[in-house]
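Next comes upload_35.csv, a file with CSV, C-alpha atoms.
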```
chain,number,residue,atom,x,y,z
P,24,HIS,CA,45.9,-22.0,41.7
P,25,GLN,CA,43.0,-20.1,40.1
P,26,LEU,CA,44.2,-21.1,36.6
P,27,LEU,CA,44.6,-24.7,37.7
P,28,GLU,CA,41.1,-24.7,39.1
P,29,ILE,CA,39.6,-23.2,35.9
P,30,TYR,CA,41.5,-25.8,33.8
P,31,GLY,CA,40.4,-28.6,36.1
P,32,GLU,CA,36.7,-27.7,35.5
P,33,SER,CA,36.9,-29.3,32.0
P,34,HIS,CA,39.0,-32.2,33.1
P,35,LYS,CA,37.0,-34.2,35.6
P,36,ASN,CA,36.3,-37.4,33.7
P,37,LYS,CA,38.8,-40.2,34.6
P,38,ILE,CA,39.3,-41.2,30.9
P,39,ASN,CA,39.9,-37.7,29.8
P,40,LYS,CA,42.4,-37.2,32.7
P,41,ALA,CA,44.2,-40.4,31.7
P,42,ILE,CA,44.4,-39.3,28.0
P,43,HIS,CA,45.8,-35.9,29.2
P,44,TRP,CA,48.6,-37.7,31.2
P,45,ILE,CA,49.7,-39.2,27.8
P,46,CYS,CA,48.8,-36.5,25.3
P,47,VAL,CA,49.9,-33.3,27.1
P,48,PRO,CA,53.5,-34.4,27.6
P,49,ALA,CA,53.5,-35.8,24.0
P,50,ILE,CA,52.3,-32.4,22.6
P,51,MET,CA,54.9,-30.6,24.6
P,52,PHE,CA,57.6,-33.0,23.5
P,53,SER,CA,56.6,-32.8,19.9
P,54,LEU,CA,56.3,-29.0,19.9
P,55,ILE,CA,59.9,-28.8,21.1
P,56,GLY,CA,60.9,-31.2,18.3
P,57,LEU,CA,59.0,-29.2,15.7
P,58,LEU,CA,60.7,-26.0,16.8
P,59,MET,CA,64.1,-27.6,16.9
P,60,ALA,CA,63.6,-28.7,13.3
P,61,ILE,CA,63.3,-25.0,12.1
P,62,PRO,CA,66.6,-23.7,10.9
P,63,TYR,CA,68.3,-21.5,13.5
P,64,PRO,CA,69.9,-18.3,12.1
P,65,PHE,CA,72.7,-18.1,14.6
P,66,SER,CA,74.3,-21.5,14.1
P,67,SER,CA,74.9,-23.7,11.1
P,68,GLN,CA,74.9,-26.8,13.3
P,69,LYS,CA,72.2,-27.8,15.8
P,70,THR,CA,73.3,-27.9,19.4
P,71,LEU,CA,71.3,-28.6,22.5
P,72,LEU,CA,71.0,-24.9,23.2
P,73,LEU,CA,71.1,-23.2,19.8
P,74,ASN,CA,67.7,-24.0,18.4
P,75,TRP,CA,64.1,-22.6,18.5
P,76,GLY,CA,63.0,-25.4,20.9
P,77,PHE,CA,65.4,-24.0,23.5
P,78,VAL,CA,64.2,-20.5,22.9
P,79,PHE,CA,60.6,-21.6,23.4
P,80,LEU,CA,61.5,-23.4,26.6
P,81,VAL,CA,63.3,-20.3,28.0
P,82,LEU,CA,60.1,-18.3,27.4
P,83,ALA,CA,58.0,-21.0,29.0
P,84,TRP,CA,60.3,-21.2,32.0
P,85,ILE,CA,59.9,-17.4,32.5
P,86,TYR,CA,56.1,-17.9,32.4
P,87,TYR,CA,56.3,-20.7,34.9
P,88,LEU,CA,58.7,-18.7,37.1
P,89,ARG,CA,56.0,-16.0,37.3
P,90,LEU,CA,53.5,-18.6,38.5
P,91,SER,CA,55.6,-20.4,41.0
P,92,ILE,CA,59.3,-21.1,41.8
P,93,TYR,CA,58.4,-24.8,42.2
P,94,MET,CA,56.6,-24.9,38.9
P,95,PHE,CA,59.7,-23.3,37.3
P,96,PHE,CA,62.1,-25.9,38.8
P,97,GLY,CA,59.7,-28.7,37.8
P,98,PHE,CA,59.5,-27.5,34.2
P,99,LEU,CA,63.2,-26.8,34.1
P,100,LEU,CA,63.8,-30.5,34.7
P,101,ILE,CA,60.9,-31.7,32.4
P,102,GLY,CA,61.8,-29.2,29.6
P,103,SER,CA,65.5,-30.1,29.8
P,104,LEU,CA,64.7,-33.8,29.5
P,105,MET,CA,62.3,-33.2,26.5
P,106,LEU,CA,64.9,-31.0,24.8
P,107,TRP,CA,67.6,-33.7,25.3
P,108,GLY,CA,65.2,-36.4,24.0
P,109,ASN,CA,64.5,-34.4,20.9
P,110,PHE,CA,68.2,-33.8,20.4
P,111,LEU,CA,68.8,-37.5,20.6
P,112,ILE,CA,66.1,-38.1,17.9
P,113,LEU,CA,67.7,-35.4,15.8
P,114,ASN,CA,71.1,-37.1,16.1
P,115,ALA,CA,69.6,-40.5,15.4
P,116,THR,CA,67.6,-39.5,12.3
P,117,LYS,CA,70.4,-37.2,11.1
P,118,SER,CA,68.1,-34.5,9.7
P,119,ASP,CA,65.8,-31.6,10.7
P,120,GLN,CA,63.3,-33.0,8.2
P,121,ASN,CA,63.2,-36.4,9.9
P,122,LEU,CA,62.8,-34.8,13.4
P,123,ALA,CA,60.0,-32.7,12.0
P,124,ILE,CA,58.2,-35.7,10.6
P,125,VAL,CA,58.5,-37.7,13.8
P,126,SER,CA,57.4,-34.6,15.9
P,127,LEU,CA,54.5,-33.8,13.5
P,128,LEU,CA,53.2,-37.4,13.8
P,129,ILE,CA,53.4,-37.3,17.6
P,130,PHE,CA,51.8,-33.8,17.6
P,131,VAL,CA,48.8,-34.8,15.4
P,132,LEU,CA,48.2,-38.1,17.2
P,133,ALA,CA,48.3,-36.4,20.6
P,134,TRP,CA,45.9,-33.7,19.6
P,135,ILE,CA,43.5,-36.3,18.3
P,136,GLY,CA,43.7,-37.9,21.7
P,137,GLN,CA,43.1,-34.6,23.4
P,138,PHE,CA,39.9,-34.0,21.4
P,139,VAL,CA,38.7,-37.5,21.9
P,140,GLY,CA,39.2,-37.0,25.7
P,141,HIS,CA,37.2,-33.8,25.6
P,142,LYS,CA,34.5,-35.4,23.5
P,143,ILE,CA,34.2,-38.1,26.3
P,144,GLU,CA,34.3,-35.3,28.9
P,145,GLY,CA,31.6,-33.4,27.1
P,146,LYS,CA,33.4,-30.1,27.4
P,147,LYS,CA,35.6,-28.0,25.1
P,148,PRO,CA,39.3,-27.7,25.7
P,149,SER,CA,40.2,-24.8,28.0
P,150,PHE,CA,42.6,-23.2,25.5
P,151,LEU,CA,39.7,-22.4,23.2
P,152,GLN,CA,38.7,-19.7,25.8
P,153,ASP,CA,42.3,-18.5,26.6
P,154,LEU,CA,45.5,-19.6,24.9
P,155,GLN,CA,47.3,-19.3,28.2
P,156,PHE,CA,45.8,-22.7,29.1
P,157,LEU,CA,48.2,-24.3,26.6
P,158,LEU,CA,50.9,-23.7,29.2
P,159,ILE,CA,48.5,-24.5,32.1
P,160,GLY,CA,47.9,-28.0,30.9
P,161,PRO,CA,51.4,-29.2,31.8
P,162,ALA,CA,51.3,-27.3,35.1
P,163,TRP,CA,48.0,-29.0,35.9
P,164,LEU,CA,49.6,-32.4,35.5
P,165,LEU,CA,52.7,-31.3,37.5
P,166,HIS,CA,50.5,-30.0,40.4
P,167,PHE,CA,49.2,-33.6,40.9
P,168,ILE,CA,52.8,-34.8,41.2
P,169,PHE,CA,53.6,-32.0,43.7
P,170,ASN,CA,50.5,-32.8,45.7
P,171,LYS,CA,51.4,-36.5,45.9
P,172,ILE,CA,55.0,-35.8,47.1
P,173,GLY,CA,53.9,-33.0,49.4
P,174,VAL,CA,55.4,-30.0,47.6
P,175,ARG,CA,53.5,-26.8,48.3
P,176,PHE,CA,53.6,-24.7,45.2
```
Serialized structure, structure tokens:
Amino acid sequence: HQLLEIYGESHKNKINKAIHWICVPAIMFSLIGLLMAIPYPFSSQKTLLLNWGFVFLVLAWIYYLRLSIYMFFGFLLIGSLMLWGNFLILNATKSDQNLAIVSLLIFVLAWIGQFVGHKIEGKKPSFLQDLQFLLIGPAWLLHFIFNKIGVRF
């Protein structure tokens, strides 16, 4: 809760919040895609679970599990859907390089959006003070959903 509170201090402007609802998931999605595009040494063929995107998600899930069991289950669902979405893009584009291009485009546009939002807010992004906030951003969004549906996390 303390991390969410600190993160929220630089995310009070309604426009910045709205931008974050679009850009934070887009960054997370595109990061998984970029990592999936990196050749995986233990498999010659990409599968849903044998790729660097999945490795990243497992590490992120461990981090969220340390914060809250509910955050863990929320991100288990969200991360799995994002992994599957990137796997569909990989299969549709038929190459790691095409997945990387699509992911990089989304990544760059979403970060531009984030910085525009923070310019409007008048405050620097939280991750500039602590890299841990790169993982708190998605949790900050999820906590609004949990609050709305009455889940105490």
Just to confirm, what's the straight-line distance from atom CA of Phe77 of chain P to atom CA of Ala41 of chain P in Å (one decimal)?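 If I compute the distance from atom CA of Phe77 of chain P to atom CA of Ala41 of chain P, I get 28.0 Å.
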Do you have, as CSV, the list of residues of segment 103-146 of chain P lying at most 12 Å from segment 55-66 of chain P, each with its nearest atom pair and that distance in Å to one decimal, counting all atoms listed in the file and ordered by chain then number?
```
residue,atom,partner,partner_atom,distance
P:Ser103,CA,P:Ile55,CA,10.4
P:Leu104,CA,P:Ile55,CA,10.9
P:Met105,CA,P:Ile55,CA,7.4
P:Leu106,CA,P:Ile55,CA,6.6
P:Trp107,CA,P:Gly56,CA,10.0
P:Gly108,CA,P:Gly56,CA,8.8
P:Asn109,CA,P:Gly56,CA,5.5
P:Phe110,CA,P:Gly56,CA,8.0
P:Leu111,CA,P:Gly56,CA,10.4
P:Ile112,CA,P:Gly56,CA,8.6
P:Leu113,CA,P:Ala60,CA,8.2
P:Asn114,CA,P:Ala60,CA,11.6
P:Thr116,CA,P:Ala60,CA,11.6
P:Lys117,CA,P:Ala60,CA,11.1
P:Ser118,CA,P:Ala60,CA,8.2
P:Asp119,CA,P:Ala60,CA,4.5
P:Gln120,CA,P:Ala60,CA,6.7
P:Asn121,CA,P:Ala60,CA,8.4
P:Leu122,CA,P:Ala60,CA,6.2
P:Ala123,CA,P:Leu57,CA,5.2
P:Ile124,CA,P:Leu57,CA,8.3
P:Val125,CA,P:Gly56,CA,8.3
P:Ser126,CA,P:Gly56,CA,5.4
P:Leu127,CA,P:Leu57,CA,6.8
P:Leu128,CA,P:Leu57,CA,10.2
P:Ile129,CA,P:Gly56,CA,9.7
P:Phe130,CA,P:Leu57,CA,8.8
P:Val131,CA,P:Leu57,CA,11.6
```
Nearest to Val81 of chain P: which of P:Ser67, P:Leu99, P:Ile168, P:Pro161 is it, counting all atoms listed in the file?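 Looking only at the distances to Val81 of chain P, the closest residue turns out to be P:Leu99.
Minimum atom-to-atom distances from P:Leu158, P:Ile42, P:Leu132, P:Ala115 to Leu27 of chain P were compared using all atoms listed in the file, and the lowest value belongs to P:Leu158.
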Distance criterion (all atoms listed in the file): nearest to His166 of chain P out of P:Ile38, P:Ala49, P:Ile85, P:Leu26: P:Leu26
Residues near Lys40 of chain P, anyone? I mean within 8 Å using only C-alpha atoms, not counting same-chain ones fewer than 5 positions away, as a PyMOL selection string. chain P and resi 34-35+140
Quick one: residues within 12 Å of Glu32 of chain P, only C-alpha atoms counted, chain neighbours fewer than 6 positions away excluded, as a PyMOL selection string? chain P and resi 25-26+39-40+141+144-149+163
Quick one, how far is atom CA of Cys46 of chain P from atom CA of Ala133 of chain P?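 Going from atom CA of Cys46 of chain P over to atom CA of Ala133 of chain P covers 4.7 Å.
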Write out as a ChimeraX atom specification each polymer residue whose atoms come within 12 Å of Val174 of chain P, counting only C-alpha atoms; drop sequence neighbours fewer than 6 positions from it. /P:91-94,96-97,165-168
Determine the nearest neighbour of Ile135 of chain P from the options P:Leu157, P:Val47, P:Asn74, P:Tyr30, counting only C-alpha atoms. P:Val47
Export segment 101-112 of chain P, all heavy atoms, as an mmCIF file, in the first residue's frame; it's the structure right above.
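What landed in selection_21.cif:
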```cif
data_model
loop_
_atom_site.group_PDB
_atom_site.id
_atom_site.type_symbol
_atom_site.label_atom_id
_atom_site.label_comp_id
_atom_site.auth_asym_id
_atom_site.auth_seq_id
_atom_site.Cartn_x
_atom_site.Cartn_y
_atom_site.Cartn_z
ATOM 1 N N ILE P 101 -3.503 -11.480 -16.027
ATOM 2 C CA ILE P 101 -3.138 -10.431 -16.989
ATOM 3 C C ILE P 101 -1.889 -10.825 -17.778
ATOM 4 O O ILE P 101 -1.860 -10.713 -19.008
ATOM 5 C CB ILE P 101 -2.925 -9.089 -16.266
ATOM 6 C CG1 ILE P 101 -4.259 -8.571 -15.725
ATOM 7 C CG2 ILE P 101 -2.263 -8.062 -17.176
ATOM 8 C CD1 ILE P 101 -4.123 -7.452 -14.709
ATOM 9 N N GLY P 102 -0.865 -11.278 -17.076
ATOM 10 C CA GLY P 102 0.383 -11.669 -17.745
ATOM 11 C C GLY P 102 0.184 -12.821 -18.708
ATOM 12 O O GLY P 102 0.739 -12.845 -19.805
ATOM 13 N N SER P 103 -0.645 -13.792 -18.309
ATOM 14 C CA SER P 103 -0.921 -14.936 -19.186
ATOM 15 C C SER P 103 -1.622 -14.483 -20.468
ATOM 16 O O SER P 103 -1.288 -14.952 -21.569
ATOM 17 C CB SER P 103 -1.772 -15.975 -18.460
ATOM 18 O OG SER P 103 -1.070 -16.491 -17.361
ATOM 19 N N LEU P 104 -2.589 -13.571 -20.321
ATOM 20 C CA LEU P 104 -3.281 -13.050 -21.508
ATOM 21 C C LEU P 104 -2.329 -12.266 -22.412
ATOM 22 O O LEU P 104 -2.402 -12.373 -23.642
ATOM 23 C CB LEU P 104 -4.464 -12.174 -21.084
ATOM 24 C CG LEU P 104 -5.636 -12.912 -20.450
ATOM 25 C CD1 LEU P 104 -6.648 -11.926 -19.879
ATOM 26 C CD2 LEU P 104 -6.284 -13.861 -21.441
ATOM 27 N N MET P 105 -1.435 -11.489 -21.809
ATOM 28 C CA MET P 105 -0.468 -10.724 -22.609
ATOM 29 C C MET P 105 0.522 -11.657 -23.301
ATOM 30 O O MET P 105 0.889 -11.429 -24.460
ATOM 31 C CB MET P 105 0.258 -9.710 -21.739
ATOM 32 C CG MET P 105 -0.620 -8.563 -21.320
ATOM 33 S SD MET P 105 0.342 -7.322 -20.437
ATOM 34 C CE MET P 105 -0.896 -6.047 -20.231
ATOM 35 N N LEU P 106 0.955 -12.697 -22.618
ATOM 36 C CA LEU P 106 1.857 -13.678 -23.221
ATOM 37 C C LEU P 106 1.171 -14.357 -24.405
ATOM 38 O O LEU P 106 1.749 -14.473 -25.489
ATOM 39 C CB LEU P 106 2.257 -14.709 -22.165
ATOM 40 C CG LEU P 106 3.291 -15.741 -22.576
ATOM 41 C CD1 LEU P 106 4.646 -15.073 -22.778
ATOM 42 C CD2 LEU P 106 3.396 -16.827 -21.516
ATOM 43 N N TRP P 107 -0.075 -14.748 -24.201
ATOM 44 C CA TRP P 107 -0.835 -15.401 -25.261
ATOM 45 C C TRP P 107 -1.044 -14.450 -26.441
ATOM 46 O O TRP P 107 -0.899 -14.851 -27.603
ATOM 47 C CB TRP P 107 -2.166 -15.895 -24.697
ATOM 48 C CG TRP P 107 -3.022 -16.625 -25.681
ATOM 49 C CD1 TRP P 107 -2.723 -17.771 -26.355
ATOM 50 C CD2 TRP P 107 -4.327 -16.251 -26.097
ATOM 51 N NE1 TRP P 107 -3.777 -18.138 -27.164
ATOM 52 C CE2 TRP P 107 -4.767 -17.221 -27.019
ATOM 53 C CE3 TRP P 107 -5.177 -15.200 -25.776
ATOM 54 C CZ2 TRP P 107 -6.010 -17.155 -27.628
ATOM 55 C CZ3 TRP P 107 -6.418 -15.151 -26.375
ATOM 56 C CH2 TRP P 107 -6.827 -16.116 -27.292
ATOM 57 N N GLY P 108 -1.365 -13.181 -26.166
ATOM 58 C CA GLY P 108 -1.535 -12.193 -27.234
ATOM 59 C C GLY P 108 -0.273 -12.021 -28.056
ATOM 60 O O GLY P 108 -0.317 -11.960 -29.291
ATOM 61 N N ASN P 109 0.866 -11.962 -27.396
ATOM 62 C CA ASN P 109 2.128 -11.846 -28.124
ATOM 63 C C ASN P 109 2.442 -13.113 -28.909
ATOM 64 O O ASN P 109 2.986 -13.045 -30.007
ATOM 65 C CB ASN P 109 3.275 -11.522 -27.151
ATOM 66 C CG ASN P 109 3.387 -10.045 -26.896
ATOM 67 O OD1 ASN P 109 3.750 -9.281 -27.778
ATOM 68 N ND2 ASN P 109 3.040 -9.633 -25.688
ATOM 69 N N PHE P 110 2.084 -14.253 -28.356
ATOM 70 C CA PHE P 110 2.279 -15.513 -29.067
ATOM 71 C C PHE P 110 1.437 -15.546 -30.335
ATOM 72 O O PHE P 110 1.893 -16.006 -31.386
ATOM 73 C CB PHE P 110 1.947 -16.688 -28.142
ATOM 74 C CG PHE P 110 2.341 -18.022 -28.694
ATOM 75 C CD1 PHE P 110 3.678 -18.368 -28.817
ATOM 76 C CD2 PHE P 110 1.379 -18.935 -29.090
ATOM 77 C CE1 PHE P 110 4.054 -19.607 -29.328
ATOM 78 C CE2 PHE P 110 1.735 -20.169 -29.600
ATOM 79 C CZ PHE P 110 3.075 -20.506 -29.723
ATOM 80 N N LEU P 111 0.215 -15.003 -30.263
ATOM 81 C CA LEU P 111 -0.632 -14.914 -31.455
ATOM 82 C C LEU P 111 -0.010 -13.995 -32.507
ATOM 83 O O LEU P 111 -0.033 -14.296 -33.701
ATOM 84 C CB LEU P 111 -2.034 -14.424 -31.086
ATOM 85 C CG LEU P 111 -2.892 -15.363 -30.249
ATOM 86 C CD1 LEU P 111 -4.208 -14.692 -29.865
ATOM 87 C CD2 LEU P 111 -3.144 -16.674 -30.980
ATOM 88 N N ILE P 112 0.545 -12.860 -32.054
ATOM 89 C CA ILE P 112 1.224 -11.951 -32.990
ATOM 90 C C ILE P 112 2.423 -12.641 -33.615
ATOM 91 O O ILE P 112 2.642 -12.551 -34.836
ATOM 92 C CB ILE P 112 1.648 -10.639 -32.293
ATOM 93 C CG1 ILE P 112 0.422 -9.827 -31.883
ATOM 94 C CG2 ILE P 112 2.573 -9.807 -33.191
ATOM 95 C CD1 ILE P 112 0.734 -8.638 -30.997
#
```
